[in-house]
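Student: Okay, here's the structure, questions in a sec.
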Amino acid sequence: MGIFDRHRHLIDTYRTMQEAGTDPLVTMERVLSPTEALINGRKTLLVGTNNYFGLTFDKECIAAAVEATRAEGTGTTGSRMLNGTYAEHAALEAELADFYGMKHCIVTTTGYQANLGIISTLVGDGDYLVIDADSHASIYDACKQTQATVIRFKHNDPASLEARLRRLKDEPGNKLVVVEGIYSMLGDTAPLKQLVDVTKRYGGYTMVDEAHSLGALGEHGRGLVEEVGVLDEVDFVVGTFSKTLGAVGGFCVSNHDGFEVLRVATRAYMFTASLPPSIVASVRAALRIVRRDGAKLRDRLWDNVATLYDGLAAAGFRLGPEHGPVVAVMMPDQMTTVAVWKALLDDGIYVNVAVPPATPGGLCLLRCSLSAAHSRAQLQHMVERLTAIGRRFGVVAMPQRKRAVAAG
């Protein structure tokens, strides 16, 4: 048996796509703005980057990154436990804690590491980790890193969660319930108030991953926890810098007094090089923008969500269940998904391909994500082009011609 034979199905599928000219791995030859890039030598509209506030090209963020690089170099060359904690890292943690009104914050090098490290450290042998069935890969990978018993409940179903916790009520050990604010594939929000109420009723702890809802939801952009009024009731909030804040990195905030022990217990924090000064500086600048201009940017984002979602729905596409920064367009099968995606790319529009096993329920999706930086004209153009392509591939019906009315 060869070392790659276990992946034979993926190898065959990927080779078939390459031979058909539909390789889903795209190289952006040059990124021109938050909404455009050169791909295959052509200016291409980006509707799949998670750049929700469009801050990747913000002048304040760029200036802060450049100044930090000149002052402190290109990288730390060490983990937070060694030489990799600079004054800027500590300042960012203090600012994030203040943003959420929490006592403690830990910043990690990626959002993936925040989930992987924090979750697998919080619960262990004799504990229970209870997760939504549609959880992100980083949460599922955390399940593999812990000795806790892992239990799934039905997606966004408080009754299913209660049934699991009821069975565990007399079992010793901690129960950690992990959910997300906005789910990254279908763009649906969690019924968070009900989930938190159920968890508290059975003495569990709640962690909320706000990766896709930071900035987009809540009066001050703190995510779904703020939107539904449970910020003071959840135990841990996890997030990322690679969406709304336009950079890379992750964090976890909490009010629990013992939280700081995670700095010497979380392997993904202890044994990874820390964020370079440029990234920390740009994230601090982005957070200031969220606090200062978040309401205006949020309004633009949601206006753009309505333009794309409502336009595609009117054209006859099957979409995710609700408006959100992620708009999922459902396709009938994997080959059609890739074919429509390729036709859209050839037409100068980039979105994400999402197929099993990365998707819930075996769905095949074109996954779009909106930005406050998109213009209405850009999104209307996308609706027009995707509609035309969808009709060509039979994904949406052709419009019926009006019958002529006979005179007389």
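Simple scheme: letters A, B, ... for chains in structure tokens order, numbers from 1 for residues in each chain, numbers from 1 for ligands in the order shown.
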Please build the interface table for region 229-263 of chain A against region 194-205 of chain A with a cut-off of 10 Å, listing for each qualifying residue the nearest atom pair and the distance in Å to one decimal; count only C-alpha atoms, order rows by chain and increasing number, and write it as JSON lines.
Tutor:
```
{"residue": "A:Val230", "atom": "CA", "partner": "A:Val196", "partner_atom": "CA", "distance": 7.7}
{"residue": "A:Glu233", "atom": "CA", "partner": "A:Val196", "partner_atom": "CA", "distance": 7.5}
{"residue": "A:Val234", "atom": "CA", "partner": "A:Val196", "partner_atom": "CA", "distance": 7.0}
{"residue": "A:Asp235", "atom": "CA", "partner": "A:Tyr205", "partner_atom": "CA", "distance": 6.0}
{"residue": "A:Phe236", "atom": "CA", "partner": "A:Tyr205", "partner_atom": "CA", "distance": 8.2}
```
Student: Would you write out, as CSV, a table of all residues in region 234-307 of chain A that have an atom no more than 12 Å from an atom of region 132-156 of chain A, listing for each the closest atom pair and the distance in Å to one decimal, considering only C-alpha atoms and ordering rows by chain and rising residue number?
Tutor:
```
residue,atom,partner,partner_atom,distance
A:Val238,CA,A:Ile139,CA,11.1
A:Gly239,CA,A:Ser138,CA,11.9
A:Thr240,CA,A:Ser138,CA,11.9
A:Gly250,CA,A:Ser138,CA,11.9
A:Thr266,CA,A:Gln145,CA,11.2
A:Arg267,CA,A:Gln145,CA,10.4
A:Ala268,CA,A:Ala142,CA,10.7
```
Student: Generate the output file for the selected residues, C-alpha atoms, as a PDB file, in the first residue's frame.
Tutor:
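Below is the file that was written, part08.pdb:
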```pdb
ATOM      1  CA  VAL A 238     -13.569  32.615  19.869  1.00  0.00           C
ATOM      2  CA  GLY A 239     -12.894  34.589  16.719  1.00  0.00           C
ATOM      3  CA  THR A 240     -10.523  35.209  13.846  1.00  0.00           C
ATOM      4  CA  GLY A 250      -7.302  34.179  16.164  1.00  0.00           C
ATOM      5  CA  THR A 266      -2.436  25.048  25.197  1.00  0.00           C
ATOM      6  CA  ARG A 267       0.080  23.391  22.877  1.00  0.00           C
ATOM      7  CA  ALA A 268      -1.142  25.208  19.749  1.00  0.00           C
TER       8      ALA A 268
END
```
Student: Under the rule of at most 12 Å, produce a per-residue listing of region 341-405 of chain A near region 33-57 of chain A: chain, number, name, the closest pair of atoms, and the distance in Å, as JSON lines, using only C-alpha atoms.
Tutor:
```
{"residue": "A:Trp341", "atom": "CA", "partner": "A:Gly48", "partner_atom": "CA", "distance": 11.5}
{"residue": "A:Lys342", "atom": "CA", "partner": "A:Asn40", "partner_atom": "CA", "distance": 12.0}
{"residue": "A:Leu344", "atom": "CA", "partner": "A:Thr44", "partner_atom": "CA", "distance": 10.0}
{"residue": "A:Leu345", "atom": "CA", "partner": "A:Thr44", "partner_atom": "CA", "distance": 7.7}
{"residue": "A:Asp346", "atom": "CA", "partner": "A:Arg42", "partner_atom": "CA", "distance": 8.9}
{"residue": "A:Asp347", "atom": "CA", "partner": "A:Thr44", "partner_atom": "CA", "distance": 8.2}
{"residue": "A:Gly348", "atom": "CA", "partner": "A:Thr44", "partner_atom": "CA", "distance": 4.4}
{"residue": "A:Ile349", "atom": "CA", "partner": "A:Leu45", "partner_atom": "CA", "distance": 4.7}
{"residue": "A:Tyr350", "atom": "CA", "partner": "A:Leu46", "partner_atom": "CA", "distance": 5.0}
{"residue": "A:Val351", "atom": "CA", "partner": "A:Gly48", "partner_atom": "CA", "distance": 4.4}
{"residue": "A:Asn352", "atom": "CA", "partner": "A:Gly48", "partner_atom": "CA", "distance": 5.5}
{"residue": "A:Val353", "atom": "CA", "partner": "A:Gly48", "partner_atom": "CA", "distance": 9.3}
{"residue": "A:Ala354", "atom": "CA", "partner": "A:Gly48", "partner_atom": "CA", "distance": 11.2}
{"residue": "A:Leu366", "atom": "CA", "partner": "A:Gly48", "partner_atom": "CA", "distance": 9.3}
{"residue": "A:Arg367", "atom": "CA", "partner": "A:Gly48", "partner_atom": "CA", "distance": 6.8}
{"residue": "A:Cys368", "atom": "CA", "partner": "A:Gly48", "partner_atom": "CA", "distance": 4.9}
{"residue": "A:Ser369", "atom": "CA", "partner": "A:Gly48", "partner_atom": "CA", "distance": 4.8}
{"residue": "A:Leu370", "atom": "CA", "partner": "A:Tyr52", "partner_atom": "CA", "distance": 5.9}
{"residue": "A:Ser371", "atom": "CA", "partner": "A:Tyr52", "partner_atom": "CA", "distance": 4.2}
{"residue": "A:Ala372", "atom": "CA", "partner": "A:Phe53", "partner_atom": "CA", "distance": 4.9}
{"residue": "A:Ala373", "atom": "CA", "partner": "A:Gly54", "partner_atom": "CA", "distance": 5.2}
{"residue": "A:His374", "atom": "CA", "partner": "A:Thr35", "partner_atom": "CA", "distance": 6.2}
{"residue": "A:Ser375", "atom": "CA", "partner": "A:Thr35", "partner_atom": "CA", "distance": 9.0}
{"residue": "A:Arg376", "atom": "CA", "partner": "A:Thr35", "partner_atom": "CA", "distance": 12.0}
{"residue": "A:Ala377", "atom": "CA", "partner": "A:Leu45", "partner_atom": "CA", "distance": 11.3}
{"residue": "A:Gln378", "atom": "CA", "partner": "A:Leu45", "partner_atom": "CA", "distance": 7.6}
{"residue": "A:Leu379", "atom": "CA", "partner": "A:Val47", "partner_atom": "CA", "distance": 8.5}
{"residue": "A:Gln380", "atom": "CA", "partner": "A:Leu45", "partner_atom": "CA", "distance": 11.8}
{"residue": "A:His381", "atom": "CA", "partner": "A:Leu45", "partner_atom": "CA", "distance": 9.7}
{"residue": "A:Met382", "atom": "CA", "partner": "A:Leu45", "partner_atom": "CA", "distance": 8.5}
{"residue": "A:Val383", "atom": "CA", "partner": "A:Val47", "partner_atom": "CA", "distance": 11.3}
{"residue": "A:Arg385", "atom": "CA", "partner": "A:Leu45", "partner_atom": "CA", "distance": 11.6}
{"residue": "A:Leu386", "atom": "CA", "partner": "A:Val47", "partner_atom": "CA", "distance": 11.9}
```
Student: Report as a VMD selection string: the residues of region 197-270 of chain A with a DSSP assignment of strand (DSSP E or B), based on the backbone of this structure.
Tutor: chain A and resid 205 to 209 236 to 240 250 to 254
Student: Any chance you could export the current selection's N, CA and C atoms as a CSV table (one decimal), in the first residue's frame?
Tutor:
```
chain,number,residue,atom,x,y,z
A,205,TYR,N,-20.9,24.6,30.1
A,205,TYR,CA,-20.2,25.8,29.6
A,205,TYR,C,-20.4,26.0,28.1
A,206,THR,N,-20.5,27.3,27.7
A,206,THR,CA,-20.8,27.6,26.3
A,206,THR,C,-19.6,28.3,25.7
A,207,MET,N,-19.2,27.8,24.5
A,207,MET,CA,-18.2,28.5,23.7
A,207,MET,C,-18.9,28.9,22.3
A,208,VAL,N,-18.7,30.1,21.9
A,208,VAL,CA,-19.3,30.6,20.6
A,208,VAL,C,-18.2,31.0,19.7
A,209,ASP,N,-18.1,30.4,18.5
A,209,ASP,CA,-17.2,30.8,17.5
A,209,ASP,C,-17.8,31.9,16.6
A,236,PHE,N,-17.0,31.5,26.8
A,236,PHE,CA,-15.9,31.8,25.9
A,236,PHE,C,-16.4,32.2,24.5
A,237,VAL,N,-15.7,33.2,24.0
A,237,VAL,CA,-16.0,33.7,22.6
A,237,VAL,C,-14.6,33.5,21.9
A,238,VAL,N,-14.7,32.8,20.7
A,238,VAL,CA,-13.6,32.6,19.9
A,238,VAL,C,-13.8,33.4,18.6
A,239,GLY,N,-12.8,33.9,18.0
A,239,GLY,CA,-12.9,34.6,16.7
A,239,GLY,C,-11.6,34.5,15.9
A,240,THR,N,-11.7,35.2,14.8
A,240,THR,CA,-10.5,35.2,13.8
A,240,THR,C,-10.3,36.6,13.3
A,250,GLY,N,-6.1,34.5,15.4
A,250,GLY,CA,-7.3,34.2,16.2
A,250,GLY,C,-7.2,34.6,17.6
A,251,PHE,N,-8.3,34.5,18.3
A,251,PHE,CA,-8.4,34.9,19.7
A,251,PHE,C,-9.5,34.1,20.5
A,252,CYS,N,-9.3,34.2,21.8
A,252,CYS,CA,-10.4,33.7,22.7
A,252,CYS,C,-10.5,34.7,23.8
A,253,VAL,N,-11.7,35.1,24.2
A,253,VAL,CA,-11.9,36.0,25.4
A,253,VAL,C,-12.8,35.3,26.4
A,254,SER,N,-12.6,35.6,27.6
A,254,SER,CA,-13.4,35.0,28.7
A,254,SER,C,-13.3,35.8,30.0
```
Student: Please identify all polymer residues within 12 Å of Val329 (chain A), counting only C-alpha atoms, omitting same-chain residues fewer than 3 positions from it, and present them as a VMD selection string.
Tutor: chain A and resid 185 to 187 308 to 313 315 to 322 326 332 337 340 to 341 351 to 355 363 to 369 383 386 to 387 390 395 to 396
Student: I need the residues from that last selection saved to file as a PDB file, in the first residue's frame (with C-alpha atoms), if you can.
Tutor:
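So the final result, stored in again.pdb, reads:
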```
ATOM      1  CA  MET A 185     -21.228  27.036   4.566  1.00  0.00           C
ATOM      2  CA  LEU A 186     -24.949  27.901   4.527  1.00  0.00           C
ATOM      3  CA  GLY A 187     -24.617  31.263   6.278  1.00  0.00           C
ATOM      4  CA  LEU A 308     -27.136  39.524  -3.958  1.00  0.00           C
ATOM      5  CA  TYR A 309     -29.431  37.248  -1.962  1.00  0.00           C
ATOM      6  CA  ASP A 310     -32.699  38.757  -3.166  1.00  0.00           C
ATOM      7  CA  GLY A 311     -31.475  38.972  -6.762  1.00  0.00           C
ATOM      8  CA  LEU A 312     -30.469  35.306  -6.867  1.00  0.00           C
ATOM      9  CA  ALA A 313     -33.644  34.216  -5.099  1.00  0.00           C
ATOM     10  CA  ALA A 315     -33.867  34.375 -10.432  1.00  0.00           C
ATOM     11  CA  GLY A 316     -34.913  30.997  -9.044  1.00  0.00           C
ATOM     12  CA  PHE A 317     -31.761  29.776  -7.274  1.00  0.00           C
ATOM     13  CA  ARG A 318     -32.009  27.681  -4.105  1.00  0.00           C
ATOM     14  CA  LEU A 319     -30.121  29.531  -1.392  1.00  0.00           C
ATOM     15  CA  GLY A 320     -29.175  29.168   2.250  1.00  0.00           C
ATOM     16  CA  PRO A 321     -32.019  29.764   4.706  1.00  0.00           C
ATOM     17  CA  GLU A 322     -31.451  33.445   5.543  1.00  0.00           C
ATOM     18  CA  VAL A 326     -22.273  34.156   3.452  1.00  0.00           C
ATOM     19  CA  PRO A 332     -27.561  19.657  -8.056  1.00  0.00           C
ATOM     20  CA  THR A 337     -21.078  22.793  -9.288  1.00  0.00           C
ATOM     21  CA  VAL A 340     -20.876  26.455 -13.200  1.00  0.00           C
ATOM     22  CA  TRP A 341     -18.047  27.758 -11.010  1.00  0.00           C
ATOM     23  CA  VAL A 351     -16.690  32.505  -5.813  1.00  0.00           C
ATOM     24  CA  ASN A 352     -15.851  29.455  -3.678  1.00  0.00           C
ATOM     25  CA  VAL A 353     -16.583  25.839  -4.574  1.00  0.00           C
ATOM     26  CA  ALA A 354     -17.878  23.828  -1.606  1.00  0.00           C
ATOM     27  CA  VAL A 355     -18.591  20.124  -2.030  1.00  0.00           C
ATOM     28  CA  LEU A 363     -24.750  19.589  -0.338  1.00  0.00           C
ATOM     29  CA  CYS A 364     -22.915  20.995  -3.362  1.00  0.00           C
ATOM     30  CA  LEU A 365     -22.584  24.763  -3.158  1.00  0.00           C
ATOM     31  CA  LEU A 366     -21.256  27.869  -4.765  1.00  0.00           C
ATOM     32  CA  ARG A 367     -20.294  29.785  -1.648  1.00  0.00           C
ATOM     33  CA  CYS A 368     -20.367  33.564  -1.957  1.00  0.00           C
ATOM     34  CA  SER A 369     -19.267  36.069   0.663  1.00  0.00           C
ATOM     35  CA  VAL A 383     -26.684  38.178 -10.418  1.00  0.00           C
ATOM     36  CA  LEU A 386     -24.796  33.707 -12.676  1.00  0.00           C
ATOM     37  CA  THR A 387     -28.428  33.645 -13.777  1.00  0.00           C
ATOM     38  CA  GLY A 390     -27.411  28.804 -14.365  1.00  0.00           C
ATOM     39  CA  VAL A 395     -29.779  24.970 -12.631  1.00  0.00           C
ATOM     40  CA  VAL A 396     -32.550  27.567 -12.921  1.00  0.00           C
TER      41      VAL A 396
END
```
Student: Using only C-alpha atoms, which residue out of A:Arg263, A:Ala273, A:Gly218, A:Gly111 lies closest to Phe241 (chain A)?
Tutor: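 Using only C-alpha atoms, the shortest distance to Phe241 (chain A) belongs to A:Gly111.
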